Each structure stands twice: as structure tokens, then as C-alpha cells.
>>> print(open('model-v8.txt').read())   # compact mmCIF, C-alpha atoms
# COMPACT_ATOMS: atom_id res chain seq x y z
CA MET A 10 83.93 70.17 100.51
CA LEU A 11 84.30 68.19 103.71
CA ASP A 12 85.44 69.19 107.18
CA LEU A 13 87.54 66.16 108.11
CA ALA A 14 87.90 67.05 111.79
CA ALA A 15 84.15 67.34 112.27
CA ALA A 16 83.37 64.72 109.58
CA ALA A 17 80.79 67.13 108.18
CA LYS A 18 80.02 68.46 104.74
CA LEU A 19 80.72 72.20 104.52
CA VAL A 20 79.57 73.13 101.07
CA THR A 21 78.42 71.48 97.87
CA THR A 22 78.50 73.45 94.67
CA THR A 23 78.21 72.68 90.97
CA LEU A 24 80.03 74.42 88.14
CA ASN A 25 78.92 73.99 84.53
CA GLU A 26 82.47 73.73 83.31
CA LYS A 27 85.58 71.71 84.02
CA VAL A 28 87.87 73.05 86.79
CA VAL A 29 91.44 73.08 85.47
CA PHE A 30 93.22 74.76 88.40
CA TRP A 31 92.35 75.59 91.98
CA ARG A 32 94.03 77.04 95.02
CA TRP A 33 93.22 78.60 98.37
CA ILE A 34 93.37 82.39 98.27
CA SER A 35 92.63 82.79 102.00
CA SER A 36 91.89 80.44 104.88
CA THR A 37 88.20 80.36 103.92
CA LYS A 38 88.15 81.07 100.18
CA LEU A 39 88.93 78.72 97.33
CA ALA A 40 89.60 80.00 93.82
CA LEU A 41 88.36 77.74 91.01
CA VAL A 42 89.68 78.30 87.50
CA GLY A 43 87.30 76.76 84.97
CA THR A 44 87.78 76.38 81.24
CA ALA A 45 85.84 79.61 80.64
CA ALA A 46 85.84 81.65 83.85
CA VAL A 47 87.29 82.08 87.34
CA TYR A 48 85.19 81.63 90.49
CA HIS A 49 85.65 82.15 94.22
CA LEU A 50 83.95 79.87 96.70
CA ASP A 51 83.54 80.99 100.32
CA ILE A 52 83.38 77.85 102.46
CA THR A 53 81.75 79.71 105.34
CA ALA A 54 78.83 80.93 103.23
CA GLY A 55 76.57 77.91 103.92
CA ALA A 56 76.11 74.35 102.70
CA THR A 57 74.46 75.34 99.43
CA ALA A 58 76.50 78.47 98.69
CA SER A 59 77.38 78.84 95.05
CA ALA A 60 80.74 79.85 93.65
CA VAL A 61 80.86 83.54 92.68
CA LYS A 62 82.05 84.24 89.16
CA ILE A 63 84.87 86.82 89.23
CA PHE A 64 85.73 87.15 85.54
CA ASP A 65 85.71 85.39 82.18
CA ARG A 66 88.99 84.12 80.81
CA LEU A 67 90.20 86.17 77.82
CA PRO A 68 90.07 84.30 74.46
CA GLN A 69 93.89 84.05 74.29
CA MET A 70 93.91 82.19 77.63
CA ALA A 71 91.83 79.36 76.12
CA SER A 72 94.79 77.42 74.73
CA CYS A 73 96.92 77.95 77.85
CA GLN A 74 97.86 75.56 80.59
CA ILE A 75 96.99 77.46 83.78
CA MET A 76 100.07 77.84 85.99
CA SER A 77 99.04 80.30 88.64
CA TYR A 78 96.28 82.49 90.03
CA ASP A 79 96.29 85.00 92.88
CA VAL A 80 94.34 87.83 94.45
CA ASP A 81 95.82 90.89 96.19
CA ALA A 82 95.34 91.43 99.94
CA GLY A 83 92.44 93.85 99.41
CA GLU A 84 90.71 91.45 96.95
CA LYS A 85 90.56 94.19 94.33
CA TRP A 86 92.93 92.74 91.79
CA CYS A 87 93.57 89.24 90.47
CA TYR A 88 95.81 87.66 87.90
CA LEU A 89 95.73 84.42 85.96
CA ILE A 90 98.80 83.00 84.21
CA GLY A 91 98.83 80.34 81.49
CA LEU A 92 101.65 78.81 79.41
CA TYR A 93 101.40 77.87 75.74
CA SER A 94 103.84 76.97 73.00
CA ASP A 95 103.98 78.64 69.60
CA ALA A 96 104.57 77.09 66.16
CA ASN A 97 108.35 77.15 66.81
CA ARG A 98 107.87 75.32 70.12
CA ASN A 99 108.86 78.38 72.13
CA ILE A 100 107.23 78.33 75.53
CA LEU A 101 105.33 81.59 75.95
CA SER A 102 102.85 82.83 78.49
CA HIS A 103 99.79 85.03 78.87
CA ILE A 104 98.83 86.98 81.99
CA GLN A 105 95.30 88.22 82.51
CA LEU A 106 95.35 91.00 85.10
CA TYR A 107 91.85 91.85 86.29
CA SER A 108 90.49 94.76 88.35
CA ILE A 109 87.45 93.61 90.33
CA GLU A 110 86.48 97.21 91.18
CA ARG A 111 86.45 98.35 87.55
CA SER A 112 85.44 94.98 86.05
CA MET A 113 88.29 95.39 83.63
CA ALA A 114 90.72 92.85 82.18
CA MET A 115 94.25 93.76 81.07
CA PRO A 116 96.04 91.29 78.82
CA LEU A 117 99.81 91.04 79.39
CA GLU A 118 102.49 88.70 78.12
CA GLY A 119 104.71 87.26 80.80
CA TYR A 120 105.69 84.21 82.80
CA ALA A 121 105.34 84.88 86.50
CA ALA A 122 103.79 87.62 88.60
CA CYS A 123 102.91 88.73 92.10
CA PHE A 124 101.30 91.54 94.04
CA ALA A 125 103.40 93.67 96.39
CA GLU A 126 102.77 96.33 99.00
CA MET A 127 105.84 98.28 100.10
CA PRO A 128 107.32 101.81 100.29
CA VAL A 129 109.10 102.60 96.99
CA THR A 130 109.18 106.41 96.79
CA ASP A 131 110.24 109.36 98.93
CA VAL A 132 107.03 111.31 98.29
CA ALA A 133 105.78 112.62 101.64
CA GLY A 134 102.73 110.72 102.81
CA ALA A 135 103.02 108.09 100.04
CA GLY A 136 103.43 105.29 102.59
CA LYS A 137 103.21 101.84 101.07
CA THR A 138 102.58 101.53 97.36
CA GLN A 139 100.56 98.65 95.96
CA LEU A 140 102.30 97.07 93.01
CA PHE A 141 101.86 94.42 90.39
CA CYS A 142 105.20 92.84 89.45
CA PHE A 143 105.61 90.54 86.47
CA CYS A 144 108.24 89.03 84.18
CA GLU A 145 107.39 90.17 80.68
CA ARG A 146 108.20 88.34 77.46
CA LYS A 147 106.50 89.56 74.32
CA ALA A 148 105.79 86.83 71.76
CA ALA A 149 106.37 89.31 68.90
CA ASP A 150 109.89 90.10 70.15
CA SER A 151 112.10 87.63 68.29
CA THR A 152 115.14 88.41 70.46
CA GLY A 153 113.37 86.62 73.31
CA SER A 154 114.29 89.37 75.74
CA GLN A 155 112.56 89.33 79.12
CA ARG A 156 111.89 92.20 81.48
CA ILE A 157 110.99 92.66 85.12
CA ILE A 158 108.21 95.26 85.42
CA CYS A 159 106.87 96.62 88.72
CA THR A 160 103.91 98.93 88.24
CA GLU A 161 101.64 100.73 90.69
CA ILE A 162 98.02 99.56 90.98
CA SER A 163 97.02 101.88 93.82
CA THR A 164 96.18 105.57 93.37
CA PRO A 165 99.33 107.70 93.78
CA PRO A 166 99.25 110.84 96.00
CA ALA A 167 97.73 113.88 94.23
CA GLY A 168 99.93 115.24 91.45
CA GLN A 169 102.26 112.23 91.43
CA PRO A 170 102.67 109.85 88.49
CA LYS A 171 102.05 106.15 88.95
CA PHE A 172 105.23 104.38 90.10
CA LYS A 173 106.93 102.09 87.63
CA SER A 174 110.32 100.38 87.57
CA GLN A 175 111.65 97.93 85.02
CA THR A 176 114.79 96.16 83.86
CA GLU A 177 115.99 93.51 81.41
CA ILE A 178 116.45 90.07 82.90
CA GLN A 179 120.10 89.01 82.49
CA LEU A 180 119.80 85.26 82.00
CA ALA A 181 122.70 83.07 83.05
CA GLN A 182 124.85 81.86 80.13
CA ASP A 183 124.55 78.23 81.14
CA ALA A 184 120.75 78.39 81.00
CA PRO A 185 119.72 79.70 77.58
CA GLY A 186 115.96 79.82 77.06
CA ASP A 187 115.41 79.93 80.81
CA PHE A 188 112.29 81.68 82.09
CA PRO A 189 110.73 82.58 85.46
CA ILE A 190 108.26 80.12 86.98
CA TYR A 191 107.68 81.83 90.32
CA ALA A 192 107.65 85.44 91.55
CA GLN A 193 107.26 86.59 95.13
CA ALA A 194 107.48 90.04 96.67
CA SER A 195 109.33 90.40 99.95
CA ASN A 196 107.42 93.36 101.35
CA LYS A 197 109.54 93.34 104.50
CA TYR A 198 112.74 94.13 102.58
CA GLY A 199 111.53 95.79 99.37
CA MET A 200 112.70 92.91 97.19
CA LEU A 201 111.28 90.79 94.40
CA PHE A 202 112.27 87.12 94.29
CA ILE A 203 112.19 85.13 91.06
CA ILE A 204 112.79 81.40 90.58
CA THR A 205 113.35 80.17 87.04
CA LYS A 206 112.74 76.86 85.32
CA ALA A 207 116.49 76.09 85.37
CA GLY A 208 116.56 76.62 89.13
CA TYR A 209 118.07 80.09 89.28
CA PHE A 210 117.11 82.47 92.06
CA TYR A 211 117.06 86.21 91.24
CA MET A 212 116.60 88.99 93.77
CA TYR A 213 115.66 92.50 92.58
CA GLU A 214 115.40 95.70 94.59
CA VAL A 215 111.90 96.86 93.62
CA SER A 216 112.17 100.69 93.68
CA ARG A 217 114.97 100.64 91.05
CA ALA A 218 114.36 97.18 89.59
CA ALA A 219 118.05 96.56 90.33
CA LEU A 220 119.42 93.02 90.30
CA VAL A 221 120.90 92.47 93.75
CA TYR A 222 121.73 88.77 93.66
CA ARG A 223 121.60 85.80 91.31
CA GLN A 224 122.44 82.22 92.16
CA ARG A 225 121.46 78.75 90.99
CA VAL A 226 119.73 77.16 93.97
CA THR A 227 118.64 73.86 92.47
CA GLN A 228 119.66 71.69 89.51
CA GLU A 229 116.20 70.13 89.42
CA LEU A 230 112.93 71.88 88.63
CA ALA A 231 111.36 73.60 91.64
CA VAL A 232 107.88 72.08 91.50
CA CYS A 233 106.42 74.01 94.39
CA CYS A 234 107.43 77.38 95.88
CA VAL A 235 105.70 79.16 98.76
CA ARG A 236 106.26 82.17 100.98
CA ASN A 237 107.84 81.52 104.37
CA THR A 238 105.52 83.88 106.25
CA SER A 239 107.80 84.17 109.28
CA THR A 240 110.88 85.36 107.35
CA ASP A 241 109.29 86.68 104.13
CA GLY A 242 111.58 84.25 102.27
CA ILE A 243 110.85 81.27 100.01
CA ILE A 244 110.53 77.55 100.71
CA TYR A 245 110.66 75.32 97.65
CA ILE A 246 110.52 71.62 96.83
CA ASN A 247 112.33 70.37 93.74
CA LYS A 248 111.62 67.42 91.49
CA ALA A 249 114.12 65.28 93.41
CA GLY A 250 112.15 65.86 96.59
CA GLN A 251 114.66 68.18 98.20
CA VAL A 252 113.32 71.04 100.30
CA GLY A 253 115.19 74.33 100.24
CA ALA A 254 114.77 77.66 102.03
CA ILE A 255 115.87 81.08 100.84
CA ASN A 256 115.93 83.89 103.37
CA ILE A 257 117.36 87.40 103.57
CA ASP A 258 119.97 88.01 106.26
CA GLU A 259 118.43 91.14 107.75
CA ASN A 260 121.62 92.31 109.44
CA ASN A 261 123.75 92.10 106.30
CA LEU A 262 121.40 93.13 103.49
CA VAL A 263 122.19 96.85 103.59
CA SER A 264 125.96 96.41 103.90
CA TYR A 265 125.89 93.84 101.05
CA VAL A 266 124.06 96.28 98.75
CA MET A 267 126.33 99.14 99.85
CA ASN A 268 129.39 97.22 98.60
CA ALA A 269 127.82 95.57 95.54
CA GLN A 270 129.69 97.02 92.54
CA HIS A 271 127.16 95.54 90.09
CA ILE A 272 124.32 97.73 91.42
CA PRO A 273 124.26 101.24 89.92
CA ASP A 274 124.29 104.00 92.56
CA GLN A 275 124.55 101.27 95.19
CA ARG A 276 125.28 103.51 98.19
CA ASN A 277 122.04 105.41 97.61
CA VAL A 278 120.08 102.19 97.09
CA ALA A 279 121.45 100.81 100.37
CA PHE A 280 120.70 104.03 102.22
CA LYS A 281 117.08 104.09 100.99
CA LEU A 282 116.64 100.44 101.95
CA ALA A 283 117.89 101.15 105.46
CA SER A 284 115.58 104.14 105.73
CA ARG A 285 112.42 102.66 104.21
CA PHE A 286 112.64 99.25 105.84
CA LYS A 287 114.38 100.26 109.08
CA LEU A 288 117.34 97.97 108.50
CA PRO A 289 120.78 98.14 110.11
CA GLY A 290 123.99 98.59 108.11
CA ALA A 291 123.96 102.23 107.03
CA ASP A 292 124.21 103.80 110.48
CA ASP A 293 127.42 105.67 109.54
CA ILE A 294 125.68 107.37 106.63
CA PHE A 295 122.75 108.50 108.78
CA LEU A 296 125.14 109.89 111.39
CA GLN A 297 127.20 111.61 108.70
CA GLN A 298 124.09 113.12 107.10
CA PHE A 299 122.78 114.25 110.47
CA ASN A 300 126.06 115.89 111.48
CA MET A 301 126.55 117.55 108.10
CA ALA A 302 123.04 119.02 108.19
CA LEU A 303 123.60 120.31 111.73
CA ALA A 304 126.97 121.79 110.81
CA SER A 305 125.38 123.75 107.97
CA SER A 306 122.44 124.83 110.17
CA ASP A 307 120.01 122.77 108.07
CA PHE A 308 117.92 121.82 111.10
CA ALA A 309 115.00 120.43 109.12
CA GLY A 310 117.41 118.20 107.19
CA ALA A 311 119.00 117.00 110.43
CA ALA A 312 115.57 116.25 111.88
CA ARG A 313 114.66 114.23 108.77
CA ALA A 314 117.90 112.26 109.03
CA ALA A 315 117.11 111.46 112.66
CA ARG A 316 113.59 110.40 111.70
CA ASP A 317 114.70 108.14 108.82
CA ALA A 318 117.51 106.38 110.65
CA PRO A 319 116.63 102.84 111.76
CA ASN A 320 115.41 102.17 115.27
CA ASP A 321 116.33 104.91 117.71
CA LEU A 322 119.85 105.47 116.39
CA LEU A 323 119.42 109.24 116.46
CA ARG A 324 116.20 109.55 118.40
CA ASN A 325 117.64 110.28 121.83
CA GLN A 326 118.36 112.91 124.46
CA GLU A 327 121.66 113.80 122.82
CA THR A 328 119.92 114.72 119.57
CA ILE A 329 117.28 116.78 121.35
CA ASN A 330 119.99 118.65 123.23
CA LYS A 331 121.76 119.44 119.95
CA PHE A 332 118.58 121.10 118.71
CA LYS A 333 118.17 123.22 121.82
CA MET B 18 111.16 122.79 118.08
CA ILE B 19 111.95 122.19 114.41
CA TYR B 20 112.99 118.67 115.37
CA PHE B 21 109.60 117.86 116.87
CA THR B 22 107.71 119.67 114.12
CA THR B 23 109.45 117.57 111.47
CA LEU B 24 108.69 114.34 113.29
CA LEU B 25 105.08 115.16 114.13
CA GLU B 26 104.22 116.55 110.71
CA SER B 27 105.43 113.39 109.00
CA GLY B 28 103.18 111.34 111.24
CA SER B 29 105.97 109.74 113.28
CA LYS B 30 105.34 108.57 116.83
CA LEU B 31 107.62 110.20 119.40
CA ASN B 32 109.51 107.84 121.68
CA GLU B 33 109.54 108.10 125.47
CA VAL B 34 112.37 110.63 125.73
CA GLU B 35 110.95 112.83 122.97
CA SER B 36 107.41 112.72 124.35
CA LEU B 37 108.66 113.98 127.71
CA GLU B 38 110.82 116.68 126.12
CA ILE B 39 107.96 118.10 124.09
CA ALA B 40 105.35 117.79 126.84
CA ARG B 41 107.28 119.95 129.31
CA PRO B 42 107.35 123.27 127.39
CA VAL B 43 103.90 122.68 125.89
CA LEU B 44 102.33 122.17 129.31
CA GLN B 45 104.22 125.13 130.77
CA ALA B 46 102.65 127.25 128.05
CA GLY B 47 99.25 125.85 129.05
CA ARG B 48 98.65 124.29 125.61
CA THR B 49 97.07 121.05 126.85
CA GLU B 50 94.96 120.85 123.68
CA LEU B 51 98.15 120.05 121.71
CA ILE B 52 98.84 117.09 124.01
CA ASP B 53 95.24 115.90 123.45
CA GLN B 54 95.69 116.25 119.71
CA TRP B 55 98.91 114.21 119.59
CA MET B 56 97.49 111.62 121.97
CA GLY B 57 94.48 111.31 119.70
CA LYS B 58 96.78 110.55 116.78
CA ASN B 59 98.82 108.12 118.90
CA GLN B 60 101.96 110.19 118.39
CA LEU B 61 103.20 110.19 121.99
CA THR B 62 104.72 107.35 123.98
CA ILE B 63 103.04 107.13 127.33
CA SER B 64 105.22 106.67 130.41
CA ASP B 65 104.87 107.13 134.18
CA GLN B 66 106.85 110.38 133.98
CA LEU B 67 104.62 111.73 131.23
CA GLY B 68 101.56 110.86 133.32
CA ASP B 69 103.05 112.73 136.29
CA LEU B 70 103.71 115.79 134.12
CA ILE B 71 100.18 115.93 132.76
CA ARG B 72 98.61 115.41 136.16
>>> encode(input="model-v8.txt", output="C-alpha cells")
Amino acid sequence: MLDLAAAAKLVTTTLNEKVVFWRWISSTKLALVGTAAVYHLDITAGATASAVKIFDRLPQMASCQIMSYDVDAGEKWCYLIGLYSDANRNILSHIQLYSIERSMAMPLEGYAACFAEMPVTDVAGAGKTQLFCFCERKAADSTGSQRIICTEISTPPAGQPKFKSQTEIQLAQDAPGDFPIYAQASNKYGMLFIITKAGYFYMYEVSRAALVYRQRVTQELAVCCVRNTSTDGIIYINKAGQVGAINIDENNLVSYVMNAQHIPDQRNVAFKLASRFKLPGADDIFLQQFNMALASSDFAGAARAARDAPNDLLRNQETINKFK
Amino acid sequence: MIYFTTLLESGSKLNEVESLEIARPVLQAGRTELIDQWMGKNQLTISDQLGDLIR
């Protein structure tokens, strides 16, 4: 590892196996996926620092072509994804989810995955929930059905079950046999983005696993997709060399969901989005809720409506006077 | 009061107007320890007017 700016060698390390995949997991840490195990190398740990083994690859990962690896923000969980084809030339995929704290591997079957950290429940004090989201496809299921699954990996508040949402993926008719190649959580808006091999973009609302939007964004394979950290959107490059950006229009997200007939219970979904992510577009509903609660002398309910409304819509002198 | 209780109990931070409104009666009642407590939890928005009140 060389520091080009300083023309100096940062670290030299030797692994006793072939490295088949690598990527940066932070600005100073490199993840190395070998044929047998996964290692992290801290480039600030000294010139002779050795790579730290994180976990062994499960036996079923041996025949896979490694597609992706990531670690959650707290470096407590990691996942490794590898593709393989079965006797019928179906392209299938294994996911190895691994808990560093518990030194435990969980084998899953799915194509793409990501970690997320966002509010998904109304439980008081729950705050942000840490999630693992993945696109499941079980090899044994001959129908080839695929599901989006978002499952909690943090510890829920006392007495609460672990959060989980899931839904069938409705593949586009002009892309049979399509499958996800990239998943990214948009923690700022409570969404999960998927890009498929055929170039379709899917956007799911995480708390309900509800499909919000689907659109083909590229005719060519997206060979590289990354998070746009300033907008929480996606930037991708396709095989033809075109660069595309996908971003959420913050000012129209809630009103779009509110009027989307294809989303079950869409008014409630929109309202929760506005409340949890402090987004504009449902102001009328907050005002209505606030006034109705006041009219029926439900002062606590009115106070909660004022609290949950975005920005300072209802947090003003007028409101305080109404409570006096 | 129920308005402020709901906000404070859920851990929200009061904005400038709200901080002033709650500080007035609390200080009149001589309950400065409540102000300390909320300040400690960063639940009040500090302003010149609030400073004048507390002084």
C-alpha cells in the first residue's frame, strides 16, 4: 500500500490465500475477501500491520463469485454476497450475514443487501432502528419468486418484537428473470433503492416494504452504483459509459405518496413519512389532526400532533396560546 | 402545561418561543432546578430574552 502524495509505503502485509474481492469500508480501512476468509486492514496501524481476520467464508460461498461486501456503521455486522449458477443455469446467490459481536454467521439466499439506520416504528423512545435489508430468492423455490426483507439487527425497546417488513418483488413483464444487483438504504427518507440487472430502479418505503416507484433507468447494465452522500441518492455508471443520478425530490415525496393509488393505505404512509423524516407535503393533515384533537379536548393528542409536524409548522406562539 | 410536558417527555428540544413561554412561569414559581435540568439535557433554545429572564 503506497501513499502516492508522499511517495511513501504505508503498509505491507501478506495473506496466505488469493484475494478475490476488495473494497474500502472506511477512509482508512480496506476489506480483503480471500478464497477462505475475510480480512480488514487498517492502513494507519503501522508499516508492518497485519490484516485482521473477521470471519471464515461459509462452505456454500466457496463456489460463488463475490459481488459485494459491506460493514455497518458501528462495525458490528458484515455481509458477503456471491453469485453462482445451478445445474439449470439459473443465476442464484448466497449471502453470509455475520455478527462480529457474537462471532456468528447467518446463511441467507439473496442477491443484494444493505444496512440501514432509520426510524420505522411509532414506539416511544425507539428512535432509529438498525436494519439489514436484502432481496431474497430461495434456490428451492421453483417459482423463482423474490422478496424484499427488512429486518432489525439492533435490540428493540423492552417488550417490543424485532421489526420486520417484507414484500414480493413485482418484476417488470419486459424483464423476465431479472434480479437485483444493488441495494442502498436512503436513511434520510426511509426508502430502500434497488437496481436490477436489466436496469430497473425500484424504490420501497421501508417501514411497510411498500413499492413506491419503479422505472427503467438504463438499458445497459449498471456496472457501478454508489451512494451520493450529499443527496442520499444513487450515482451509477452503465456499460455504455453513461453516468446517471437518481435523487428524491424532498419537496414532492410526501405528496406523491399521498396520491399514489398503488400504495396500500397511502395517506397514512405519507403522513408517517412526513412525521418521521420531517418532510413537507402533509401539512394539512397535521393541522387537521391538531384542530380535531383540540376540538375534542384531547390536549395530549394535540401536543403530539404539534410535535410530529415538520419544522415549526405548529410550534409557535399561536399554539401555545391555544393551550392556555 | 400538557403541551410542554408532552414535548419534554418525548425528548424534544423546545424552540425559542416555547423556551421563553415555559421559563416564565417556572421561574416565577422559583423552580430554577427545572431550568437547570432541561438545560442539562439540551432541551431549551437559548436566546437573549431567556438569558435576561434567568438573570
>>> closest_residue(input="model-v8.txt", among="A:Glu177, A:Arg146, A:Asp274, A:Val132", to="chain B", atoms="all atoms listed in the file")
A:Val132
>>> atom_distance(input="model-v8.txt", atom1="CA of Gln169 in chain A", atom2="CA of Ala218 in chain A")
19.4 Å
>>> residues_near_point(input="model-v8.txt", point="(96.9, 101.6, 91.3)", cutoff="12 Å", atoms="only C-alpha atoms", output="list in words")
Asp81, Lys85, Trp86, Ser108, Glu110, Arg111, Phe124, Ala125, Glu126, Lys137, Thr138, Gln139, Leu140, Phe141, Cys159, Thr160, Glu161, Ile162, Ser163, Thr164, Pro165, Pro166, Gln169, Pro170, Lys171, Phe172 and Lys173 of chain A
>>> interface_residues(input="model-v8.txt", of="chain A", to="chain B", cutoff="8 Å", atoms="all atoms listed in the file", output="list in words")
Ala133, Gly134, Phe308, Ala309, Ala311, Ala312, Arg313, Arg316, Arg324, Asn325, Gln326, Ile329, Phe332 and Lys333 of chain A
>>> closest_residue(input="model-v8.txt", among="A:Ser94, A:Thr23, A:Ser102, A:Ser216", to="Ile190 in chain A", atoms="only C-alpha atoms")
A:Ser102
>>> residues_around(input="model-v8.txt", residues="Ala194 in chain A", least_positions_apart="4", cutoff="9 Å", atoms="only C-alpha atoms", output="list in words")
Cys123, Phe124, Ala125, Glu126, Cys142, Tyr198, Gly199, Met200, Leu201, Phe202, Ile203, Val215 and Asp241 of chain A
>>> atom_distance(input="model-v8.txt", atom1="CA of Ile63 in chain A", atom2="CA of Asn196 in chain A")
26.4 Å
>>> residues_around(input="model-v8.txt", residues="Ile104 in chain A", least_positions_apart="4", cutoff="7 Å", atoms="all atoms listed in the file", output="PyMOL selection string")
chain A and resi 88-91+116-119
>>> atom_distance(input="model-v8.txt", atom1="CA of Ile52 in chain A", atom2="CA of Ser36 in chain A")
9.2 Å
>>> residues_around(input="model-v8.txt", residues="Leu37 in chain B", least_positions_apart="3", cutoff="9 Å", atoms="all atoms listed in the file", output="PDB file with C-alpha atoms, in the coordinates of the input")
ATOM      1  CA  ASN B  32     109.510 107.840 121.680  1.00  0.00           C
ATOM      2  CA  GLU B  33     109.540 108.100 125.470  1.00  0.00           C
ATOM      3  CA  VAL B  34     112.370 110.630 125.730  1.00  0.00           C
ATOM      4  CA  ALA B  40     105.350 117.790 126.840  1.00  0.00           C
ATOM      5  CA  ARG B  41     107.280 119.950 129.310  1.00  0.00           C
ATOM      6  CA  LEU B  61     103.200 110.190 121.990  1.00  0.00           C
ATOM      7  CA  THR B  62     104.720 107.350 123.980  1.00  0.00           C
ATOM      8  CA  ILE B  63     103.040 107.130 127.330  1.00  0.00           C
ATOM      9  CA  SER B  64     105.220 106.670 130.410  1.00  0.00           C
ATOM     10  CA  GLN B  66     106.850 110.380 133.980  1.00  0.00           C
ATOM     11  CA  LEU B  67     104.620 111.730 131.230  1.00  0.00           C
ATOM     12  CA  LEU B  70     103.710 115.790 134.120  1.00  0.00           C
TER      13      LEU B  70
END
>>> axis_aligned_box(input="model-v8.txt", around="range 36-54 of chain B", padding_each_side="3 Å", output="AutoDock Vina command-line options")
--center_x 102.9 --center_y 120.0 --center_z 125.2 --size_x 21.9 --size_y 20.5 --size_z 17.1
>>> closest_residue(input="model-v8.txt", among="A:Val232, A:Ala96, A:Leu24, A:Met115", to="Gln69 in chain A", atoms="only C-alpha atoms")
A:Met115
>>> residues_around(input="model-v8.txt", residues="range 292-301 of chain A", least_positions_apart="5", cutoff="8 Å", atoms="only C-alpha atoms", output="list in words")
Phe280, Gly310, Ala311, Ala312, Ala314, Ala315, Ala318, Pro319, Leu322 and Leu323 of chain A
>>> build_atoms(input="model-v8.txt", residues="range 18-36 of chain B", atoms="N, CA and C atoms", output="short mmCIF file (atom, residue, chain, number, x, y, z; two decimals), in the coordinates of the input")
data_model
loop_
_atom_site.label_atom_id
_atom_site.label_comp_id
_atom_site.auth_asym_id
_atom_site.auth_seq_id
_atom_site.Cartn_x
_atom_site.Cartn_y
_atom_site.Cartn_z
N MET B 18 112.55 122.99 118.50
CA MET B 18 111.16 122.79 118.08
C MET B 18 111.07 122.23 116.67
N ILE B 19 112.01 122.66 115.81
CA ILE B 19 111.95 122.19 114.41
C ILE B 19 112.09 120.67 114.34
N TYR B 20 112.82 120.12 115.30
CA TYR B 20 112.99 118.67 115.37
C TYR B 20 111.64 117.99 115.58
N PHE B 21 110.90 118.47 116.56
CA PHE B 21 109.60 117.86 116.87
C PHE B 21 108.59 118.12 115.75
N THR B 22 108.64 119.34 115.21
CA THR B 22 107.71 119.67 114.12
C THR B 22 107.90 118.71 112.96
N THR B 23 109.17 118.47 112.59
CA THR B 23 109.45 117.57 111.47
C THR B 23 108.91 116.17 111.74
N LEU B 24 109.15 115.69 112.96
CA LEU B 24 108.69 114.34 113.29
C LEU B 24 107.17 114.26 113.31
N LEU B 25 106.54 115.23 113.98
CA LEU B 25 105.08 115.16 114.13
C LEU B 25 104.37 115.37 112.81
N GLU B 26 104.88 116.27 111.99
CA GLU B 26 104.22 116.55 110.71
C GLU B 26 104.28 115.36 109.76
N SER B 27 105.34 114.55 109.90
CA SER B 27 105.43 113.39 109.00
C SER B 27 104.70 112.19 109.60
N GLY B 28 103.99 112.41 110.69
CA GLY B 28 103.18 111.34 111.24
C GLY B 28 103.92 110.35 112.12
N SER B 29 105.20 110.67 112.45
CA SER B 29 105.97 109.74 113.28
C SER B 29 105.44 109.74 114.71
N LYS B 30 105.69 108.65 115.41
CA LYS B 30 105.34 108.57 116.83
C LYS B 30 106.58 108.90 117.64
N LEU B 31 106.46 109.83 118.59
CA LEU B 31 107.62 110.20 119.40
C LEU B 31 107.90 109.11 120.42
N ASN B 32 109.17 108.83 120.67
CA ASN B 32 109.51 107.84 121.68
C ASN B 32 109.41 108.46 123.07
N GLU B 33 109.77 107.67 124.09
CA GLU B 33 109.54 108.10 125.47
C GLU B 33 110.27 109.41 125.80
N VAL B 34 111.55 109.46 125.43
CA VAL B 34 112.37 110.63 125.73
C VAL B 34 111.80 111.87 125.04
N GLU B 35 111.46 111.70 123.76
CA GLU B 35 110.95 112.83 122.97
C GLU B 35 109.60 113.32 123.49
N SER B 36 108.74 112.36 123.86
CA SER B 36 107.41 112.72 124.35
C SER B 36 107.54 113.59 125.59
#
